[in-house]
$ cat data_22.cif   # mmCIF, N, CA and C atoms
data_start
loop_
_atom_site.label_atom_id
_atom_site.label_comp_id
_atom_site.auth_asym_id
_atom_site.auth_seq_id
_atom_site.Cartn_x
_atom_site.Cartn_y
_atom_site.Cartn_z
N MET A 4 -9.79 15.75 -6.77
CA MET A 4 -8.58 14.99 -6.54
C MET A 4 -8.81 13.51 -6.83
N HIS A 5 -9.99 13.02 -6.45
CA HIS A 5 -10.30 11.61 -6.68
C HIS A 5 -10.22 11.27 -8.17
N ASP A 6 -10.81 12.10 -9.02
CA ASP A 6 -10.79 11.82 -10.45
C ASP A 6 -9.36 11.83 -11.01
N ARG A 7 -8.53 12.73 -10.50
CA ARG A 7 -7.13 12.76 -10.96
C ARG A 7 -6.40 11.49 -10.52
N LEU A 8 -6.68 11.03 -9.31
CA LEU A 8 -6.09 9.78 -8.84
C LEU A 8 -6.51 8.62 -9.74
N ILE A 9 -7.79 8.53 -10.06
CA ILE A 9 -8.29 7.46 -10.93
C ILE A 9 -7.64 7.52 -12.30
N GLU A 10 -7.48 8.73 -12.85
CA GLU A 10 -6.82 8.88 -14.16
C GLU A 10 -5.43 8.25 -14.15
N LYS A 11 -4.72 8.40 -13.07
CA LYS A 11 -3.38 7.79 -12.96
C LYS A 11 -3.48 6.28 -12.73
N MET A 12 -4.40 5.86 -11.89
CA MET A 12 -4.48 4.45 -11.54
C MET A 12 -4.98 3.59 -12.71
N ILE A 13 -5.82 4.13 -13.59
CA ILE A 13 -6.30 3.31 -14.70
C ILE A 13 -5.19 3.01 -15.71
N GLN A 14 -4.07 3.69 -15.58
CA GLN A 14 -2.92 3.39 -16.43
C GLN A 14 -2.18 2.13 -15.97
N ILE A 15 -2.49 1.64 -14.79
CA ILE A 15 -1.87 0.42 -14.28
C ILE A 15 -2.64 -0.75 -14.87
N PRO A 16 -1.99 -1.58 -15.69
CA PRO A 16 -2.68 -2.59 -16.49
C PRO A 16 -3.50 -3.60 -15.70
N TYR A 17 -3.10 -3.97 -14.51
CA TYR A 17 -3.81 -5.03 -13.78
C TYR A 17 -4.94 -4.50 -12.90
N LEU A 18 -5.21 -3.19 -12.91
CA LEU A 18 -6.31 -2.64 -12.12
C LEU A 18 -7.53 -2.45 -13.01
N ASP A 19 -8.67 -2.91 -12.53
CA ASP A 19 -9.94 -2.72 -13.22
C ASP A 19 -10.87 -1.94 -12.29
N PHE A 20 -11.58 -0.98 -12.86
CA PHE A 20 -12.52 -0.20 -12.07
C PHE A 20 -13.92 -0.40 -12.61
N SER A 21 -14.84 -0.70 -11.73
CA SER A 21 -16.24 -0.75 -12.13
C SER A 21 -16.77 0.68 -12.13
N LYS A 22 -17.97 0.88 -12.66
CA LYS A 22 -18.54 2.22 -12.71
C LYS A 22 -18.62 2.85 -11.33
N LYS A 23 -18.95 2.05 -10.32
CA LYS A 23 -19.07 2.61 -8.97
C LYS A 23 -17.73 2.98 -8.35
N ASP A 24 -16.63 2.47 -8.90
CA ASP A 24 -15.31 2.75 -8.34
C ASP A 24 -14.52 3.79 -9.13
N GLY A 25 -14.99 4.14 -10.31
CA GLY A 25 -14.23 5.02 -11.18
C GLY A 25 -14.47 6.49 -10.89
N LYS A 26 -14.37 7.28 -11.93
CA LYS A 26 -14.55 8.73 -11.80
C LYS A 26 -15.98 9.08 -11.41
N ASP A 27 -16.15 10.33 -10.98
CA ASP A 27 -17.46 10.85 -10.59
C ASP A 27 -18.09 10.03 -9.47
N LYS A 28 -17.26 9.53 -8.61
CA LYS A 28 -17.72 8.70 -7.49
C LYS A 28 -18.52 9.53 -6.50
N ILE A 29 -19.54 8.93 -5.96
CA ILE A 29 -20.28 9.54 -4.87
C ILE A 29 -19.71 8.93 -3.59
N PHE A 30 -19.06 9.75 -2.80
CA PHE A 30 -18.41 9.24 -1.59
C PHE A 30 -19.44 8.87 -0.54
N HIS A 31 -19.08 7.96 0.31
CA HIS A 31 -19.99 7.46 1.33
C HIS A 31 -19.21 7.08 2.58
N VAL A 32 -19.95 6.84 3.62
CA VAL A 32 -19.39 6.34 4.87
C VAL A 32 -20.11 5.04 5.19
N THR A 33 -19.37 3.99 5.48
CA THR A 33 -19.98 2.72 5.84
C THR A 33 -20.19 2.68 7.34
N LEU A 34 -21.43 2.51 7.76
CA LEU A 34 -21.74 2.41 9.19
C LEU A 34 -21.68 0.98 9.68
N ALA A 35 -22.10 0.07 8.84
CA ALA A 35 -22.09 -1.35 9.20
C ALA A 35 -22.09 -2.14 7.91
N SER A 36 -21.47 -3.28 7.92
CA SER A 36 -21.42 -4.07 6.68
C SER A 36 -21.85 -5.52 6.88
N LYS A 37 -22.00 -5.94 8.09
CA LYS A 37 -22.37 -7.33 8.36
C LYS A 37 -23.45 -7.38 9.45
N ASN A 38 -24.34 -8.33 9.36
CA ASN A 38 -25.33 -8.62 10.42
C ASN A 38 -26.13 -7.40 10.87
N LEU A 39 -26.63 -6.63 9.92
CA LEU A 39 -27.39 -5.43 10.25
C LEU A 39 -28.90 -5.63 10.16
N GLN A 40 -29.34 -6.76 9.66
CA GLN A 40 -30.76 -6.98 9.39
C GLN A 40 -31.66 -6.62 10.57
N LEU A 41 -31.31 -7.05 11.77
CA LEU A 41 -32.18 -6.84 12.92
C LEU A 41 -32.27 -5.38 13.36
N LYS A 42 -31.24 -4.60 13.09
CA LYS A 42 -31.23 -3.20 13.53
C LYS A 42 -31.31 -2.22 12.37
N TYR A 43 -31.52 -2.69 11.15
CA TYR A 43 -31.49 -1.82 9.98
C TYR A 43 -32.42 -0.62 10.13
N ASN A 44 -33.69 -0.83 10.43
CA ASN A 44 -34.65 0.27 10.52
C ASN A 44 -34.26 1.28 11.60
N GLU A 45 -33.78 0.79 12.71
CA GLU A 45 -33.35 1.69 13.79
C GLU A 45 -32.17 2.56 13.34
N VAL A 46 -31.18 1.94 12.70
CA VAL A 46 -30.01 2.69 12.22
C VAL A 46 -30.44 3.67 11.13
N TRP A 47 -31.25 3.23 10.18
CA TRP A 47 -31.72 4.09 9.08
C TRP A 47 -32.45 5.32 9.62
N ASN A 48 -33.35 5.12 10.55
CA ASN A 48 -34.10 6.24 11.12
C ASN A 48 -33.19 7.21 11.87
N PHE A 49 -32.21 6.70 12.57
CA PHE A 49 -31.27 7.55 13.31
C PHE A 49 -30.43 8.39 12.35
N VAL A 50 -29.88 7.77 11.32
CA VAL A 50 -28.99 8.48 10.39
C VAL A 50 -29.75 9.56 9.62
N ASN A 51 -30.98 9.32 9.32
CA ASN A 51 -31.76 10.29 8.55
C ASN A 51 -32.17 11.52 9.35
N LEU A 52 -31.87 11.56 10.62
CA LEU A 52 -32.14 12.75 11.44
C LEU A 52 -31.09 13.84 11.23
N THR A 53 -29.95 13.48 10.68
CA THR A 53 -28.83 14.41 10.54
C THR A 53 -28.56 14.71 9.07
N PRO A 54 -28.54 16.00 8.70
CA PRO A 54 -28.18 16.33 7.31
C PRO A 54 -26.77 15.82 7.00
N CYS A 55 -26.54 15.39 5.79
CA CYS A 55 -25.23 14.80 5.49
C CYS A 55 -24.45 15.55 4.42
N GLU A 56 -24.84 16.77 4.12
CA GLU A 56 -24.04 17.56 3.18
C GLU A 56 -23.02 18.38 3.97
N PHE A 57 -21.75 18.26 3.61
CA PHE A 57 -20.72 18.97 4.34
C PHE A 57 -19.50 19.15 3.45
N ASP A 58 -18.70 20.15 3.79
CA ASP A 58 -17.43 20.38 3.11
C ASP A 58 -16.35 19.71 3.94
N CYS A 59 -15.38 19.14 3.27
CA CYS A 59 -14.32 18.49 4.01
C CYS A 59 -13.05 18.40 3.16
N PHE A 60 -12.00 17.98 3.76
CA PHE A 60 -10.76 17.70 3.04
C PHE A 60 -10.24 16.37 3.57
N PHE A 61 -9.35 15.77 2.84
CA PHE A 61 -8.76 14.53 3.35
C PHE A 61 -7.26 14.63 3.27
N ASP A 62 -6.60 13.92 4.15
CA ASP A 62 -5.15 14.02 4.27
C ASP A 62 -4.43 12.72 3.98
N ASN A 63 -5.20 11.70 3.50
CA ASN A 63 -4.54 10.45 3.18
C ASN A 63 -5.38 9.67 2.18
N ILE A 64 -4.73 8.76 1.51
CA ILE A 64 -5.40 7.79 0.65
C ILE A 64 -5.00 6.42 1.18
N SER A 65 -5.99 5.64 1.57
CA SER A 65 -5.72 4.32 2.14
C SER A 65 -6.27 3.26 1.20
N ILE A 66 -5.47 2.25 0.96
CA ILE A 66 -5.87 1.15 0.09
C ILE A 66 -6.02 -0.09 0.96
N PHE A 67 -7.19 -0.70 0.88
CA PHE A 67 -7.48 -1.90 1.66
C PHE A 67 -7.60 -3.10 0.74
N ARG A 68 -7.27 -4.26 1.25
CA ARG A 68 -7.44 -5.53 0.53
C ARG A 68 -8.31 -6.46 1.37
N TRP A 69 -9.16 -7.20 0.68
CA TRP A 69 -9.99 -8.19 1.36
C TRP A 69 -9.10 -9.40 1.61
N LYS A 70 -8.83 -9.69 2.88
CA LYS A 70 -7.89 -10.75 3.22
C LYS A 70 -8.34 -11.39 4.53
N GLU A 71 -8.32 -12.70 4.59
CA GLU A 71 -8.70 -13.42 5.80
C GLU A 71 -10.10 -13.01 6.29
N ASN A 72 -10.99 -12.87 5.32
CA ASN A 72 -12.40 -12.57 5.57
C ASN A 72 -12.66 -11.20 6.21
N THR A 73 -11.76 -10.23 5.95
CA THR A 73 -11.95 -8.86 6.44
C THR A 73 -11.12 -7.90 5.59
N TRP A 74 -11.40 -6.60 5.71
CA TRP A 74 -10.59 -5.60 5.01
C TRP A 74 -9.36 -5.29 5.85
N LYS A 75 -8.20 -5.37 5.24
CA LYS A 75 -6.94 -5.05 5.92
C LYS A 75 -6.21 -3.97 5.15
N LEU A 76 -5.60 -3.06 5.89
CA LEU A 76 -4.86 -1.96 5.28
C LEU A 76 -3.68 -2.52 4.47
N HIS A 77 -3.65 -2.17 3.19
CA HIS A 77 -2.56 -2.60 2.32
C HIS A 77 -1.48 -1.52 2.26
N ASN A 78 -1.92 -0.27 2.10
CA ASN A 78 -0.97 0.84 2.02
C ASN A 78 -1.69 2.13 2.31
N GLU A 79 -0.98 3.08 2.88
CA GLU A 79 -1.54 4.39 3.18
C GLU A 79 -0.59 5.46 2.66
N PHE A 80 -1.15 6.45 2.00
CA PHE A 80 -0.38 7.55 1.45
C PHE A 80 -0.82 8.83 2.15
N ILE A 81 0.09 9.46 2.88
CA ILE A 81 -0.22 10.69 3.59
C ILE A 81 -0.05 11.86 2.62
N LEU A 82 -1.06 12.71 2.54
CA LEU A 82 -1.03 13.87 1.65
C LEU A 82 -0.62 15.11 2.44
N HIS A 83 0.20 15.91 1.85
CA HIS A 83 0.64 17.13 2.51
C HIS A 83 -0.02 18.33 1.86
N ARG A 84 -0.40 19.28 2.64
CA ARG A 84 -1.08 20.47 2.12
C ARG A 84 -0.08 21.43 1.55
#
$ encode --input "data_22.cif" --output "structure tokens"
Amino acid sequence: MHDRLIEKMIQIPYLDFSKKDGKDKIFHVTLASKNLQLKYNEVWNFVNLTPCEFDCFFDNISIFRWKENTWKLHNEFILHR
């Protein structure tokens, strides 16, 4: 579904996608994005105790914008099964 979404979005002239944002994306979960230096090893060791391969589905597409020094929800699209 992600690749089909990207195929549609790249048709919008003002959107640019880097390689990491385009098709064949490897999805991830962000645990922390700021001030992690002091706890990095502790967090890394904890996360590596749990296998991370899983099947899942998603029910929305959320678009965030970097605004006022943080990510803010710009728009959310609810997907119906």
$ resolve_selection --input "data_22.cif" --expression "the PyMOL selection byres (((chain A and resi 54-67 and name CA) around 10) and name CA)" --output "compact mmCIF listing (two decimals) with N, CA and C atoms, in the coordinates of the input"
# COMPACT_ATOMS: atom_id res chain seq x y z
N MET A 4 -9.79 15.75 -6.77
CA MET A 4 -8.58 14.99 -6.54
C MET A 4 -8.81 13.51 -6.83
N HIS A 5 -9.99 13.02 -6.45
CA HIS A 5 -10.30 11.61 -6.68
C HIS A 5 -10.22 11.27 -8.17
N LEU A 8 -6.68 11.03 -9.31
CA LEU A 8 -6.09 9.78 -8.84
C LEU A 8 -6.51 8.62 -9.74
N HIS A 31 -19.08 7.96 0.31
CA HIS A 31 -19.99 7.46 1.33
C HIS A 31 -19.21 7.08 2.58
N VAL A 50 -29.88 7.77 11.32
CA VAL A 50 -28.99 8.48 10.39
C VAL A 50 -29.75 9.56 9.62
N ASN A 51 -30.98 9.32 9.32
CA ASN A 51 -31.76 10.29 8.55
C ASN A 51 -32.17 11.52 9.35
N LEU A 52 -31.87 11.56 10.62
CA LEU A 52 -32.14 12.75 11.44
C LEU A 52 -31.09 13.84 11.23
N THR A 53 -29.95 13.48 10.68
CA THR A 53 -28.83 14.41 10.54
C THR A 53 -28.56 14.71 9.07
N ARG A 68 -7.27 -4.26 1.25
CA ARG A 68 -7.44 -5.53 0.53
C ARG A 68 -8.31 -6.46 1.37
N TRP A 69 -9.16 -7.20 0.68
CA TRP A 69 -9.99 -8.19 1.36
C TRP A 69 -9.10 -9.40 1.61
N LYS A 70 -8.83 -9.69 2.88
CA LYS A 70 -7.89 -10.75 3.22
C LYS A 70 -8.34 -11.39 4.53
N THR A 73 -11.76 -10.23 5.95
CA THR A 73 -11.95 -8.86 6.44
C THR A 73 -11.12 -7.90 5.59
N TRP A 74 -11.40 -6.60 5.71
CA TRP A 74 -10.59 -5.60 5.01
C TRP A 74 -9.36 -5.29 5.85
N LYS A 75 -8.20 -5.37 5.24
CA LYS A 75 -6.94 -5.05 5.92
C LYS A 75 -6.21 -3.97 5.15
N LEU A 76 -5.60 -3.06 5.89
CA LEU A 76 -4.86 -1.96 5.28
C LEU A 76 -3.68 -2.52 4.47
N HIS A 77 -3.65 -2.17 3.19
CA HIS A 77 -2.56 -2.60 2.32
C HIS A 77 -1.48 -1.52 2.26
N ASN A 78 -1.92 -0.27 2.10
CA ASN A 78 -0.97 0.84 2.02
C ASN A 78 -1.69 2.13 2.31
N GLU A 79 -0.98 3.08 2.88
CA GLU A 79 -1.54 4.39 3.18
C GLU A 79 -0.59 5.46 2.66
N PHE A 80 -1.15 6.45 2.00
CA PHE A 80 -0.38 7.55 1.45
C PHE A 80 -0.82 8.83 2.15
N ILE A 81 0.09 9.46 2.88
CA ILE A 81 -0.22 10.69 3.59
C ILE A 81 -0.05 11.86 2.62
N LEU A 82 -1.06 12.71 2.54
CA LEU A 82 -1.03 13.87 1.65
C LEU A 82 -0.62 15.11 2.44
N HIS A 83 0.20 15.91 1.85
CA HIS A 83 0.64 17.13 2.51
C HIS A 83 -0.02 18.33 1.86
N ARG A 84 -0.40 19.28 2.64
CA ARG A 84 -1.08 20.47 2.12
C ARG A 84 -0.08 21.43 1.55
$ atom_distance --input "data_22.cif" --atom1 "CA of Gly25 (chain A)" --atom2 "CA of Asp6 (chain A)"
7.7 Å
$ atom_distance --input "data_22.cif" --atom1 "atom N of Ile13 (chain A)" --atom2 "CA of Lys26 (chain A)"
10.0 Å
$ atom_distance --input "data_22.cif" --atom1 "CA of Asn72 (chain A)" --atom2 "CA of Lys42 (chain A)"
22.5 Å
